[in-house]
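K.L.:
Supplied structure: coords-v4.tsv, TSV, C-alpha atoms.
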```
chain	number	residue	atom	x	y	z
Q	876	MET	CA	26.06	-7.15	-30.59
Q	877	ARG	CA	28.63	-8.34	-28.02
Q	878	LEU	CA	30.75	-9.82	-30.84
Q	879	VAL	CA	30.51	-6.62	-32.86
Q	880	VAL	CA	31.60	-4.54	-29.87
Q	881	ALA	CA	34.49	-6.91	-29.19
Q	882	VAL	CA	35.68	-6.64	-32.79
Q	883	LEU	CA	35.37	-2.85	-32.62
Q	884	TYR	CA	37.41	-2.90	-29.44
Q	885	LEU	CA	40.24	-4.66	-31.23
Q	886	MET	CA	39.94	-2.32	-34.20
Q	887	PHE	CA	40.19	0.80	-32.04
Q	888	SER	CA	42.90	-0.50	-29.77
Q	889	VAL	CA	45.04	-1.17	-32.87
Q	890	SER	CA	44.13	1.62	-35.28
Q	891	VAL	CA	43.41	4.63	-33.03
Q	892	ALA	CA	46.72	5.68	-31.58
Q	893	HIS	CA	45.27	7.91	-28.88
Q	894	ALA	CA	42.84	5.28	-27.54
Q	895	GLU	CA	44.31	4.60	-24.12
Q	896	GLN	CA	41.14	3.04	-22.68
Q	897	PHE	CA	37.95	1.81	-24.31
Q	898	ASP	CA	34.87	1.59	-22.10
Q	899	VAL	CA	31.47	1.26	-23.77
Q	900	ASP	CA	28.63	2.61	-21.60
Q	901	ALA	CA	26.00	2.23	-24.31
Q	902	VAL	CA	25.66	1.34	-27.97
Q	903	GLU	CA	23.04	2.89	-30.27
Q	904	LEU	CA	22.25	0.95	-33.42
Q	905	SER	CA	20.33	2.68	-36.21
Q	906	THR	CA	18.17	0.94	-38.80
Q	907	SER	CA	20.97	1.42	-41.35
Q	908	LEU	CA	23.33	-0.41	-38.98
Q	909	ASP	CA	25.39	2.71	-38.35
Q	910	LEU	CA	26.78	2.59	-34.81
Q	911	THR	CA	27.27	5.26	-32.20
Q	912	LEU	CA	29.45	4.14	-29.31
Q	913	LYS	CA	28.50	6.34	-26.37
Q	914	THR	CA	30.94	7.80	-23.87
Q	915	LEU	CA	34.14	6.02	-24.73
Q	916	GLU	CA	37.17	7.07	-22.75
Q	917	MET	CA	40.01	8.16	-25.03
Q	918	GLY	CA	43.00	9.97	-23.65
Q	919	GLY	CA	41.15	10.46	-20.38
Q	920	ASP	CA	38.17	12.26	-21.95
Q	921	PRO	CA	34.71	10.83	-22.73
Q	922	VAL	CA	33.77	10.85	-26.41
Q	923	ASP	CA	30.99	9.53	-28.66
Q	924	VAL	CA	32.32	7.66	-31.70
Q	925	GLN	CA	30.23	7.27	-34.84
Q	926	LEU	CA	30.88	4.27	-37.08
Q	927	ILE	CA	29.29	4.25	-40.52
Q	928	ARG	CA	28.35	0.96	-42.14
Q	929	TYR	CA	29.66	0.32	-45.62
Q	930	ALA	CA	29.38	-2.51	-48.12
Q	931	ASN	CA	32.52	-4.52	-48.84
Q	932	PRO	CA	32.30	-5.91	-52.39
Q	933	ALA	CA	34.69	-8.70	-51.45
Q	934	ASP	CA	32.39	-9.87	-48.67
Q	935	PRO	CA	28.80	-8.74	-49.42
Q	936	THR	CA	27.28	-10.60	-46.45
Q	937	GLY	CA	29.73	-9.26	-43.87
Q	938	LEU	CA	29.38	-6.29	-41.52
Q	939	TYR	CA	31.92	-3.52	-42.02
Q	940	TRP	CA	32.21	0.01	-40.62
Q	941	ARG	CA	34.35	3.06	-41.25
Q	942	LEU	CA	35.13	5.76	-38.75
Q	943	GLY	CA	32.73	8.69	-38.84
Q	944	SER	CA	32.84	11.50	-36.31
Q	945	ILE	CA	34.36	11.67	-32.81
Q	946	THR	CA	32.51	14.17	-30.63
Q	947	PRO	CA	32.68	15.05	-26.93
Q	948	GLY	CA	30.72	12.68	-24.71
Q	949	LEU	CA	28.95	13.35	-21.46
Q	950	GLN	CA	31.12	15.22	-18.98
Q	951	MET	CA	30.48	14.42	-15.33
Q	952	LYS	CA	30.42	17.42	-13.02
Q	953	THR	CA	31.52	17.39	-9.40
Q	954	VAL	CA	28.63	16.20	-7.22
Q	955	ASN	CA	28.14	17.22	-3.60
Q	956	MET	CA	25.99	15.31	-1.12
Q	957	ARG	CA	24.41	16.41	2.17
Q	958	THR	CA	22.19	14.46	4.56
Q	959	PHE	CA	19.24	16.16	6.27
Q	960	THR	CA	16.58	15.10	8.75
Q	961	TYR	CA	13.15	15.90	7.33
Q	962	LEU	CA	11.16	14.79	10.39
Q	963	ASN	CA	12.40	14.79	13.97
Q	964	SER	CA	10.88	11.45	14.86
Q	965	GLU	CA	12.15	7.96	15.69
Q	966	PRO	CA	13.67	5.99	14.16
Q	967	LEU	CA	15.62	9.07	13.11
Q	968	GLU	CA	17.60	7.37	10.34
Q	969	ARG	CA	14.33	6.46	8.60
Q	970	HIS	CA	13.40	10.15	8.53
Q	971	GLN	CA	16.49	11.36	6.72
Q	972	LEU	CA	17.25	12.15	3.10
Q	973	ASP	CA	20.35	12.67	0.96
Q	974	VAL	CA	20.61	15.63	-1.43
Q	975	TYR	CA	22.94	15.27	-4.46
Q	976	TYR	CA	23.71	18.56	-6.20
Q	977	THR	CA	26.29	20.27	-8.39
Q	978	ASP	CA	27.84	23.71	-8.06
Q	979	SER	CA	25.40	26.59	-8.74
Q	980	PRO	CA	22.40	24.22	-8.63
Q	981	THR	CA	19.54	26.60	-7.80
Q	982	ALA	CA	17.95	26.35	-11.27
Q	983	ASN	CA	18.18	22.55	-11.43
Q	984	LYS	CA	15.06	20.45	-11.64
Q	985	VAL	CA	14.63	18.31	-8.52
Q	986	ILE	CA	14.02	14.56	-8.51
Q	987	MET	CA	12.77	13.09	-5.25
Q	988	PHE	CA	13.62	9.37	-5.42
Q	989	VAL	CA	11.72	6.92	-3.18
Q	990	PRO	CA	13.45	3.52	-2.91
Q	991	GLY	CA	11.75	0.15	-3.09
Q	992	GLY	CA	12.12	-3.01	-1.05
Q	993	ALA	CA	8.63	-4.49	-0.52
Q	994	TRP	CA	7.90	-1.80	2.13
Q	995	ARG	CA	10.19	-3.71	4.54
Q	996	GLN	CA	13.80	-3.18	3.41
Q	997	GLY	CA	16.07	-0.90	1.39
Q	998	GLY	CA	17.14	2.68	1.88
Q	999	LYS	CA	18.88	5.78	0.60
Q	1000	ASP	CA	22.45	4.52	1.07
Q	1001	LEU	CA	22.00	2.05	-1.82
Q	1002	TYR	CA	21.46	4.81	-4.38
Q	1003	GLN	CA	24.68	6.79	-4.46
Q	1004	THR	CA	25.24	5.88	-8.11
Q	1005	LEU	CA	21.76	7.09	-9.02
Q	1006	GLY	CA	22.30	10.41	-7.27
Q	1007	ASN	CA	25.76	10.96	-8.72
Q	1008	THR	CA	24.68	9.99	-12.26
Q	1009	LEU	CA	21.54	12.12	-12.51
Q	1010	ALA	CA	23.23	15.09	-10.84
Q	1011	GLY	CA	26.69	14.82	-12.38
Q	1012	PHE	CA	25.71	14.05	-15.97
Q	1013	TYR	CA	22.23	15.54	-16.33
Q	1014	ASP	CA	22.12	18.54	-13.95
Q	1015	PHE	CA	19.28	17.32	-11.77
Q	1016	THR	CA	19.27	17.82	-8.02
Q	1017	VAL	CA	18.46	14.38	-6.62
Q	1018	VAL	CA	16.91	13.79	-3.21
Q	1019	VAL	CA	16.91	10.15	-2.06
Q	1020	VAL	CA	14.57	9.66	0.88
Q	1021	ASN	CA	14.22	7.11	3.64
Q	1022	TYR	CA	10.87	6.27	5.21
Q	1023	ARG	CA	9.69	3.92	7.94
Q	1024	LEU	CA	9.71	0.26	6.96
Q	1025	SER	CA	7.54	-2.68	7.91
Q	1026	SER	CA	10.31	-4.35	9.89
Q	1027	GLU	CA	11.45	-4.15	13.49
Q	1028	GLU	CA	14.63	-2.24	12.66
Q	1029	GLY	CA	12.74	0.03	10.27
Q	1030	GLY	CA	10.07	1.16	12.71
Q	1031	ASN	CA	7.36	-1.55	12.34
Q	1032	ALA	CA	5.48	0.64	9.87
Q	1033	ILE	CA	1.96	-0.20	8.77
Q	1034	HIS	CA	0.07	1.87	6.23
Q	1035	PRO	CA	-0.29	4.86	6.28
Q	1036	ASP	CA	3.08	5.24	8.02
Q	1037	HIS	CA	5.13	4.86	4.81
Q	1038	ILE	CA	3.11	7.29	2.73
Q	1039	GLU	CA	2.88	9.86	5.53
Q	1040	ASP	CA	6.69	9.86	5.74
Q	1041	VAL	CA	6.98	10.31	1.96
Q	1042	ALA	CA	4.55	13.24	2.16
Q	1043	ALA	CA	6.60	14.78	4.98
Q	1044	ALA	CA	9.78	14.39	2.91
Q	1045	PHE	CA	8.09	16.11	-0.03
Q	1046	ALA	CA	7.04	18.99	2.22
Q	1047	TRP	CA	10.61	19.32	3.48
Q	1048	ILE	CA	11.86	19.51	-0.10
Q	1049	LYS	CA	9.34	22.19	-1.05
Q	1050	GLY	CA	10.28	24.24	1.99
Q	1051	ASN	CA	14.06	23.75	2.00
Q	1052	ILE	CA	15.44	22.77	-1.39
Q	1053	SER	CA	15.88	26.28	-2.83
Q	1054	PRO	CA	19.67	26.46	-2.11
Q	1055	TYR	CA	20.11	23.19	-4.04
Q	1056	GLY	CA	17.44	23.18	-6.77
Q	1057	ASN	CA	14.29	24.75	-8.16
Q	1058	THR	CA	11.49	24.40	-5.62
Q	1059	ASN	CA	8.87	24.86	-8.36
Q	1060	LYS	CA	10.16	21.93	-10.42
Q	1061	VAL	CA	9.97	18.89	-8.15
Q	1062	PHE	CA	9.47	15.51	-9.81
Q	1063	LEU	CA	8.95	12.17	-8.06
Q	1064	PHE	CA	10.63	8.89	-9.04
Q	1065	GLY	CA	9.93	5.59	-7.30
Q	1066	GLN	CA	10.78	1.94	-7.90
Q	1067	SER	CA	8.81	-1.10	-6.63
Q	1068	ALA	CA	7.37	-0.16	-3.22
Q	1069	GLY	CA	8.67	3.34	-3.89
Q	1070	ALA	CA	6.70	3.40	-7.14
Q	1071	HIS	CA	3.55	2.47	-5.23
Q	1072	LEU	CA	4.19	5.29	-2.78
Q	1073	VAL	CA	4.90	8.08	-5.29
Q	1074	SER	CA	1.89	7.00	-7.36
Q	1075	LEU	CA	-0.37	7.07	-4.31
Q	1076	LEU	CA	1.00	10.47	-3.27
Q	1077	ALA	CA	0.28	11.83	-6.75
Q	1078	THR	CA	-3.32	10.55	-6.97
Q	1079	ASP	CA	-4.75	10.68	-3.42
Q	1080	LYS	CA	-4.43	14.31	-2.33
Q	1081	THR	CA	-5.14	13.41	1.31
Q	1082	TYR	CA	-1.48	13.00	2.21
Q	1083	LEU	CA	-0.20	16.13	0.49
Q	1084	ASN	CA	-3.07	18.21	1.87
Q	1085	ALA	CA	-2.11	17.06	5.37
Q	1086	VAL	CA	1.33	18.68	4.98
Q	1087	GLY	CA	0.08	21.84	3.26
Q	1088	TYR	CA	0.49	20.94	-0.42
Q	1089	ASP	CA	-1.60	19.64	-3.30
Q	1090	LEU	CA	-1.27	17.49	-6.42
Q	1091	SER	CA	-0.42	20.57	-8.49
Q	1092	ASP	CA	2.83	20.94	-6.54
Q	1093	ILE	CA	4.19	17.79	-8.21
Q	1094	ARG	CA	5.54	18.47	-11.71
Q	1095	GLY	CA	5.60	14.82	-12.79
Q	1096	ILE	CA	5.94	11.18	-11.74
Q	1097	VAL	CA	8.21	8.36	-12.89
Q	1098	SER	CA	6.81	5.10	-11.52
Q	1099	MET	CA	8.91	1.99	-12.20
Q	1100	SER	CA	7.92	-1.60	-11.39
Q	1101	GLY	CA	5.05	-0.60	-9.15
Q	1102	ALA	CA	1.75	-2.00	-7.91
Q	1103	TYR	CA	-1.30	0.19	-8.58
Q	1104	TYR	CA	-4.30	-1.91	-7.49
Q	1105	LEU	CA	-3.19	-4.02	-4.55
Q	1106	PRO	CA	-6.22	-6.36	-4.30
Q	1107	ASP	CA	-5.33	-7.84	-7.69
Q	1108	LEU	CA	-2.08	-9.20	-6.26
Q	1109	VAL	CA	-3.81	-11.36	-3.65
Q	1110	THR	CA	-6.99	-12.56	-5.40
Q	1111	TYR	CA	-7.27	-16.33	-5.71
Q	1112	PRO	CA	-8.65	-18.26	-7.51
Q	1113	SER	CA	-9.33	-16.54	-10.87
Q	1114	ASN	CA	-6.54	-14.05	-10.36
Q	1115	PRO	CA	-6.96	-11.09	-12.75
Q	1116	LEU	CA	-3.18	-10.89	-13.23
Q	1117	GLU	CA	-2.93	-14.65	-13.86
Q	1118	LEU	CA	-0.90	-15.19	-10.69
Q	1119	THR	CA	-0.53	-18.68	-9.28
Q	1120	ALA	CA	-1.51	-19.73	-5.77
Q	1121	ASP	CA	2.14	-19.60	-4.66
Q	1122	GLU	CA	2.55	-16.09	-6.06
Q	1123	THR	CA	-0.59	-14.75	-4.37
Q	1124	LEU	CA	0.54	-16.38	-1.13
Q	1125	MET	CA	3.80	-14.46	-1.29
Q	1126	TYR	CA	1.98	-11.18	-1.93
Q	1127	LYS	CA	-0.42	-11.91	0.94
Q	1128	ALA	CA	2.57	-12.16	3.28
Q	1129	LEU	CA	3.84	-8.79	2.07
Q	1130	MET	CA	0.41	-7.14	2.38
Q	1131	GLN	CA	-0.12	-8.53	5.87
Q	1132	ASN	CA	3.21	-7.09	6.90
Q	1133	ALA	CA	2.84	-3.64	5.30
Q	1134	PHE	CA	-0.92	-3.01	5.33
Q	1135	GLY	CA	-2.16	-5.13	8.23
Q	1136	GLY	CA	-4.08	-7.60	6.06
Q	1137	TRP	CA	-5.01	-8.54	2.51
Q	1138	SER	CA	-8.75	-7.94	2.36
Q	1139	ASP	CA	-10.33	-5.15	0.34
Q	1140	THR	CA	-10.71	-3.23	3.60
Q	1141	GLU	CA	-6.92	-2.95	3.93
Q	1142	LEU	CA	-5.91	-2.71	0.28
Q	1143	ILE	CA	-8.39	-0.71	-1.80
Q	1144	ASN	CA	-7.78	2.71	-0.27
Q	1145	PRO	CA	-3.93	2.48	-0.43
Q	1146	SER	CA	-4.16	1.69	-4.16
Q	1147	ALA	CA	-3.30	4.55	-6.51
Q	1148	GLN	CA	-5.75	3.27	-9.12
Q	1149	THR	CA	-8.59	3.87	-6.66
Q	1150	HIS	CA	-7.81	7.60	-6.65
Q	1151	ILE	CA	-6.97	8.43	-10.27
Q	1152	ASN	CA	-8.35	11.81	-11.30
Q	1153	SER	CA	-8.08	14.40	-14.04
Q	1154	ASN	CA	-6.02	16.73	-11.83
Q	1155	GLN	CA	-3.15	14.33	-11.21
Q	1156	PRO	CA	0.33	15.26	-12.53
Q	1157	PRO	CA	1.85	13.72	-15.67
Q	1158	PHE	CA	2.97	10.10	-15.29
Q	1159	LEU	CA	5.65	7.98	-16.92
Q	1160	VAL	CA	4.89	4.35	-16.02
Q	1161	ILE	CA	7.66	1.78	-16.56
Q	1162	TYR	CA	7.79	-1.99	-16.25
Q	1163	THR	CA	10.38	-4.52	-17.33
Q	1164	HIS	CA	9.82	-7.72	-19.26
Q	1165	ASN	CA	11.32	-9.81	-16.44
Q	1166	ASP	CA	9.67	-7.86	-13.65
Q	1167	LEU	CA	8.06	-9.21	-10.50
Q	1168	CYS	CA	5.17	-11.41	-11.50
Q	1169	GLY	CA	2.01	-9.41	-12.16
Q	1170	PHE	CA	3.70	-6.00	-12.42
Q	1171	GLU	CA	3.42	-5.81	-16.21
Q	1172	PRO	CA	-0.41	-6.11	-16.30
Q	1173	GLU	CA	-0.58	-3.91	-13.17
Q	1174	ALA	CA	1.14	-1.11	-15.10
Q	1175	GLU	CA	-0.94	-1.65	-18.22
Q	1176	ASN	CA	-4.21	-1.71	-16.26
Q	1177	PHE	CA	-3.30	1.50	-14.43
Q	1178	VAL	CA	-2.47	3.36	-17.64
Q	1179	LYS	CA	-5.63	2.08	-19.29
Q	1180	ALA	CA	-7.74	3.30	-16.35
Q	1181	VAL	CA	-6.15	6.78	-16.46
Q	1182	ARG	CA	-6.63	7.04	-20.22
Q	1183	ALA	CA	-10.35	6.35	-19.72
Q	1184	LEU	CA	-10.73	9.57	-17.68
Q	1185	ASN	CA	-12.25	12.64	-19.27
Q	1186	PRO	CA	-10.29	14.85	-19.59
Q	1187	THR	CA	-7.32	12.47	-19.71
Q	1188	PRO	CA	-4.22	13.46	-17.72
Q	1189	GLU	CA	-0.88	13.05	-19.44
Q	1190	ILE	CA	0.41	9.50	-19.03
Q	1191	SER	CA	2.73	7.22	-21.00
Q	1192	LEU	CA	3.86	3.61	-20.68
Q	1193	ARG	CA	7.32	2.18	-21.35
Q	1194	ALA	CA	8.62	-1.37	-21.21
Q	1195	ILE	CA	12.29	-2.16	-20.61
Q	1196	GLU	CA	13.86	-5.34	-21.97
Q	1197	PHE	CA	16.23	-6.07	-19.09
Q	1198	SER	CA	15.72	-6.47	-15.37
Q	1199	ASP	CA	17.44	-7.67	-12.20
Q	1200	TYR	CA	14.78	-10.33	-11.96
Q	1201	SER	CA	15.31	-13.56	-13.92
Q	1202	ASP	CA	12.86	-16.43	-14.35
Q	1203	ALA	CA	15.09	-18.60	-12.16
Q	1204	VAL	CA	15.20	-16.02	-9.35
Q	1205	TRP	CA	11.43	-15.57	-9.44
Q	1206	SER	CA	10.77	-19.35	-9.47
Q	1207	THR	CA	13.03	-19.84	-6.45
Q	1208	ALA	CA	11.46	-16.95	-4.54
Q	1209	THR	CA	7.88	-18.11	-5.05
Q	1210	ALA	CA	8.75	-21.70	-4.15
Q	1211	GLN	CA	10.30	-20.50	-0.88
Q	1212	ALA	CA	7.33	-18.24	-0.19
Q	1213	ALA	CA	4.89	-21.11	-0.64
Q	1214	LEU	CA	6.70	-23.05	2.06
Q	1215	GLU	CA	7.29	-20.11	4.39
Q	1216	PRO	CA	5.66	-16.73	3.65
Q	1217	ALA	CA	8.24	-14.92	5.76
Q	1218	MET	CA	10.78	-15.83	3.09
Q	1219	ALA	CA	8.96	-13.66	0.58
```
Can you present the structure in this file as structure tokens?
P.N.:
Amino acid sequence: MRLVVAVLYLMFSVSVAHAEQFDVDAVELSTSLDLTLKTLEMGGDPVDVQLIRYANPADPTGLYWRLGSITPGLQMKTVNMRTFTYLNSEPLERHQLDVYYTDSPTANKVIMFVPGGAWRQGGKDLYQTLGNTLAGFYDFTVVVVNYRLSSEEGGNAIHPDHIEDVAAAFAWIKGNISPYGNTNKVFLFGQSAGAHLVSLLATDKTYLNAVGYDLSDIRGIVSMSGAYYLPDLVTYPSNPLELTADETLMYKALMQNAFGGWSDTELINPSAQTHINSNQPPFLVIYTHNDLCGFEPEAENFVKAVRALNPTPEISLRAIEFSDYSDAVWSTATAQAALEPAMA
């Protein structure tokens, strides 16, 4: 595919006179081998270019395309951003959120994004591209939230500190987002530790009830690369996720830091799978093929457990081919963790 795109680059740079710049954001390949090149920049405007495969009698085994249609691509709107404090409590920076919104946004659906980072690192400032993309291209209002972390600079949080902050941020959104988005259409999106937190918020009503809301106030959940039954990450031997001793050791260090221990006493109740119920909002559960070790079966087990409920809430599972995590990165991390759990 890289070679094909490179050849197409040369073809367009030579044969399309108005092609001043050629940036491919995405390529869609149909079963007939027709190509749609998404959001190319031509003459300063984004366009989608369709290329139609044809057979060349002189070279029947080759791949050849002719130009099909050129249609307008995604147009990015101007995105505004404002920072608010959702809870007047120290550390103050961990109780703030960023709102990304376009002009005349009051009808926009709202996505509350909860960042990951093993409950001990990360934050809203890393997600400007996410906020600008979802708001500018797709007309969402995006709220990226901070919460207390299990580190000295992050507030030395131990469960339920993280989830209580996420619940407080949700309550702030419901009570204050109306100038920037539709308060009745709030969706949650979390990745890694953030996926754990949004999934827990959407299954255990305790935390929402404490701030005056219920599960029905969440329109839907996107949970990406999350952990749903925490005890499975630390069980050894005979680990149900087929984790090695080194991998469970690393997870034990994380659980000790974020939940105060790794026994069932500390980990069963904070697990979303413990609280699944027929009243929970719709879920989209995502994992990647090179995800953190154990996260793929974690996602599959969670979806399977929800689908066993009667009646079954809406839930779907998606796998993504690519990830930031490579086999080499994971091997290095677990080797370091086996020698010194703090390195996890």
K.L.:
Using all atoms listed in the file, which residues sit within 12 Å of Ser1100 (chain Q) once same-chain residues fewer than 2 positions away are excluded, as a PyMOL selection string?
P.N.:
chain Q and resi 990-993+1064-1074+1097-1098+1102-1103+1159-1175+1192-1195+1198-1200
K.L.:
Hey, can you spit out that residue selection with C-alpha atoms as an mmCIF file, in the coordinates of the input?
P.N.:
```
data_model
loop_
_atom_site.group_PDB
_atom_site.id
_atom_site.type_symbol
_atom_site.label_atom_id
_atom_site.label_comp_id
_atom_site.auth_asym_id
_atom_site.auth_seq_id
_atom_site.Cartn_x
_atom_site.Cartn_y
_atom_site.Cartn_z
ATOM 1 C CA PRO Q 990 13.450 3.520 -2.910
ATOM 2 C CA GLY Q 991 11.750 0.150 -3.090
ATOM 3 C CA GLY Q 992 12.120 -3.010 -1.050
ATOM 4 C CA ALA Q 993 8.630 -4.490 -0.520
ATOM 5 C CA PHE Q 1064 10.630 8.890 -9.040
ATOM 6 C CA GLY Q 1065 9.930 5.590 -7.300
ATOM 7 C CA GLN Q 1066 10.780 1.940 -7.900
ATOM 8 C CA SER Q 1067 8.810 -1.100 -6.630
ATOM 9 C CA ALA Q 1068 7.370 -0.160 -3.220
ATOM 10 C CA GLY Q 1069 8.670 3.340 -3.890
ATOM 11 C CA ALA Q 1070 6.700 3.400 -7.140
ATOM 12 C CA HIS Q 1071 3.550 2.470 -5.230
ATOM 13 C CA LEU Q 1072 4.190 5.290 -2.780
ATOM 14 C CA VAL Q 1073 4.900 8.080 -5.290
ATOM 15 C CA SER Q 1074 1.890 7.000 -7.360
ATOM 16 C CA VAL Q 1097 8.210 8.360 -12.890
ATOM 17 C CA SER Q 1098 6.810 5.100 -11.520
ATOM 18 C CA ALA Q 1102 1.750 -2.000 -7.910
ATOM 19 C CA TYR Q 1103 -1.300 0.190 -8.580
ATOM 20 C CA LEU Q 1159 5.650 7.980 -16.920
ATOM 21 C CA VAL Q 1160 4.890 4.350 -16.020
ATOM 22 C CA ILE Q 1161 7.660 1.780 -16.560
ATOM 23 C CA TYR Q 1162 7.790 -1.990 -16.250
ATOM 24 C CA THR Q 1163 10.380 -4.520 -17.330
ATOM 25 C CA HIS Q 1164 9.820 -7.720 -19.260
ATOM 26 C CA ASN Q 1165 11.320 -9.810 -16.440
ATOM 27 C CA ASP Q 1166 9.670 -7.860 -13.650
ATOM 28 C CA LEU Q 1167 8.060 -9.210 -10.500
ATOM 29 C CA CYS Q 1168 5.170 -11.410 -11.500
ATOM 30 C CA GLY Q 1169 2.010 -9.410 -12.160
ATOM 31 C CA PHE Q 1170 3.700 -6.000 -12.420
ATOM 32 C CA GLU Q 1171 3.420 -5.810 -16.210
ATOM 33 C CA PRO Q 1172 -0.410 -6.110 -16.300
ATOM 34 C CA GLU Q 1173 -0.580 -3.910 -13.170
ATOM 35 C CA ALA Q 1174 1.140 -1.110 -15.100
ATOM 36 C CA GLU Q 1175 -0.940 -1.650 -18.220
ATOM 37 C CA LEU Q 1192 3.860 3.610 -20.680
ATOM 38 C CA ARG Q 1193 7.320 2.180 -21.350
ATOM 39 C CA ALA Q 1194 8.620 -1.370 -21.210
ATOM 40 C CA ILE Q 1195 12.290 -2.160 -20.610
ATOM 41 C CA SER Q 1198 15.720 -6.470 -15.370
ATOM 42 C CA ASP Q 1199 17.440 -7.670 -12.200
ATOM 43 C CA TYR Q 1200 14.780 -10.330 -11.960
#
```
K.L.:
Between CA of Gln950 (chain Q) and CA of Asn1051 (chain Q), what distance in Å does the model show, to one decimal?
P.N.:
28.4 Å
K.L.:
Which residues of region 1016-1121 of chain Q have any atom within 6 Å of an atom in region 957-979 of chain Q when counting all atoms listed in the file, and what is the closest pair of atoms for each, with the distance in Å to one decimal? Order the rows by chain and rising number and write it as a Markdown table.
P.N.:
```
| residue | atom | partner | partner_atom | distance |
| --- | --- | --- | --- | --- |
| Q:Thr1016 | CA | Q:Tyr976 | CA | 4.9 |
| Q:Val1017 | CA | Q:Tyr975 | CA | 5.1 |
| Q:Val1018 | CA | Q:Val974 | CA | 4.5 |
| Q:Val1019 | CA | Q:Asp973 | CA | 5.2 |
| Q:Val1020 | CA | Q:Leu972 | CA | 4.3 |
| Q:Asn1021 | CA | Q:Arg969 | CA | 5.0 |
| Q:Tyr1022 | CA | Q:Arg969 | CA | 4.8 |
| Q:Arg1023 | CA | Q:Arg969 | CA | 5.3 |
| Q:Ala1044 | CA | Q:Tyr961 | CA | 5.8 |
| Q:Trp1047 | CA | Q:Tyr961 | CA | 5.7 |
```
K.L.:
Within 7 Å of Pro921 (chain Q), counting only C-alpha atoms, which residues show up once you throw out same-chain ones fewer than 2 positions away? Write them as a PDB file with C-alpha atoms, in the coordinates of the input, please.
P.N.:
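Contents of out-v5.pdb, freshly written:
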```pdb
ATOM      1  CA  THR Q 914      30.940   7.800 -23.870  1.00  0.00           C
ATOM      2  CA  LEU Q 915      34.140   6.020 -24.730  1.00  0.00           C
ATOM      3  CA  GLU Q 916      37.170   7.070 -22.750  1.00  0.00           C
ATOM      4  CA  MET Q 917      40.010   8.160 -25.030  1.00  0.00           C
ATOM      5  CA  GLY Q 919      41.150  10.460 -20.380  1.00  0.00           C
ATOM      6  CA  PRO Q 947      32.680  15.050 -26.930  1.00  0.00           C
ATOM      7  CA  GLY Q 948      30.720  12.680 -24.710  1.00  0.00           C
ATOM      8  CA  LEU Q 949      28.950  13.350 -21.460  1.00  0.00           C
ATOM      9  CA  GLN Q 950      31.120  15.220 -18.980  1.00  0.00           C
TER      10      GLN Q 950
END
```
K.L.:
Rounded to one decimal in Å, what is the spacing between CA of Val1181 (chain Q) and CA of Leu1116 (chain Q)?
P.N.:
18.2 Å
K.L.:
Excluding Leu1075 (chain Q) and its own-chain neighbours fewer than 5 positions away, which residues fall within 12 Å of it when counting only C-alpha atoms? Please give them as an NGL selection string.
P.N.:
:Q and (1034-1035 or 1037-1039 or 1041-1042 or 1063 or 1065 or 1068-1070 or 1080-1083 or 1090 or 1096 or 1098 or 1101-1105 or 1143-1152 or 1155-1156 or 1158 or 1177)
K.L.:
To one decimal place, how far is CA of Leu1108 (chain Q) from CA of Lys1127 (chain Q) in Å?
P.N.:
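It comes out at 7.9 Å.
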K.L.:
Show which residues sit within 9 Å of Thr981 (chain Q), as a PyMOL selection string. Count all atoms listed in the file, and ignore same-chain residues fewer than 5 positions away.
P.N.:
chain Q and resi 1016+1052-1058
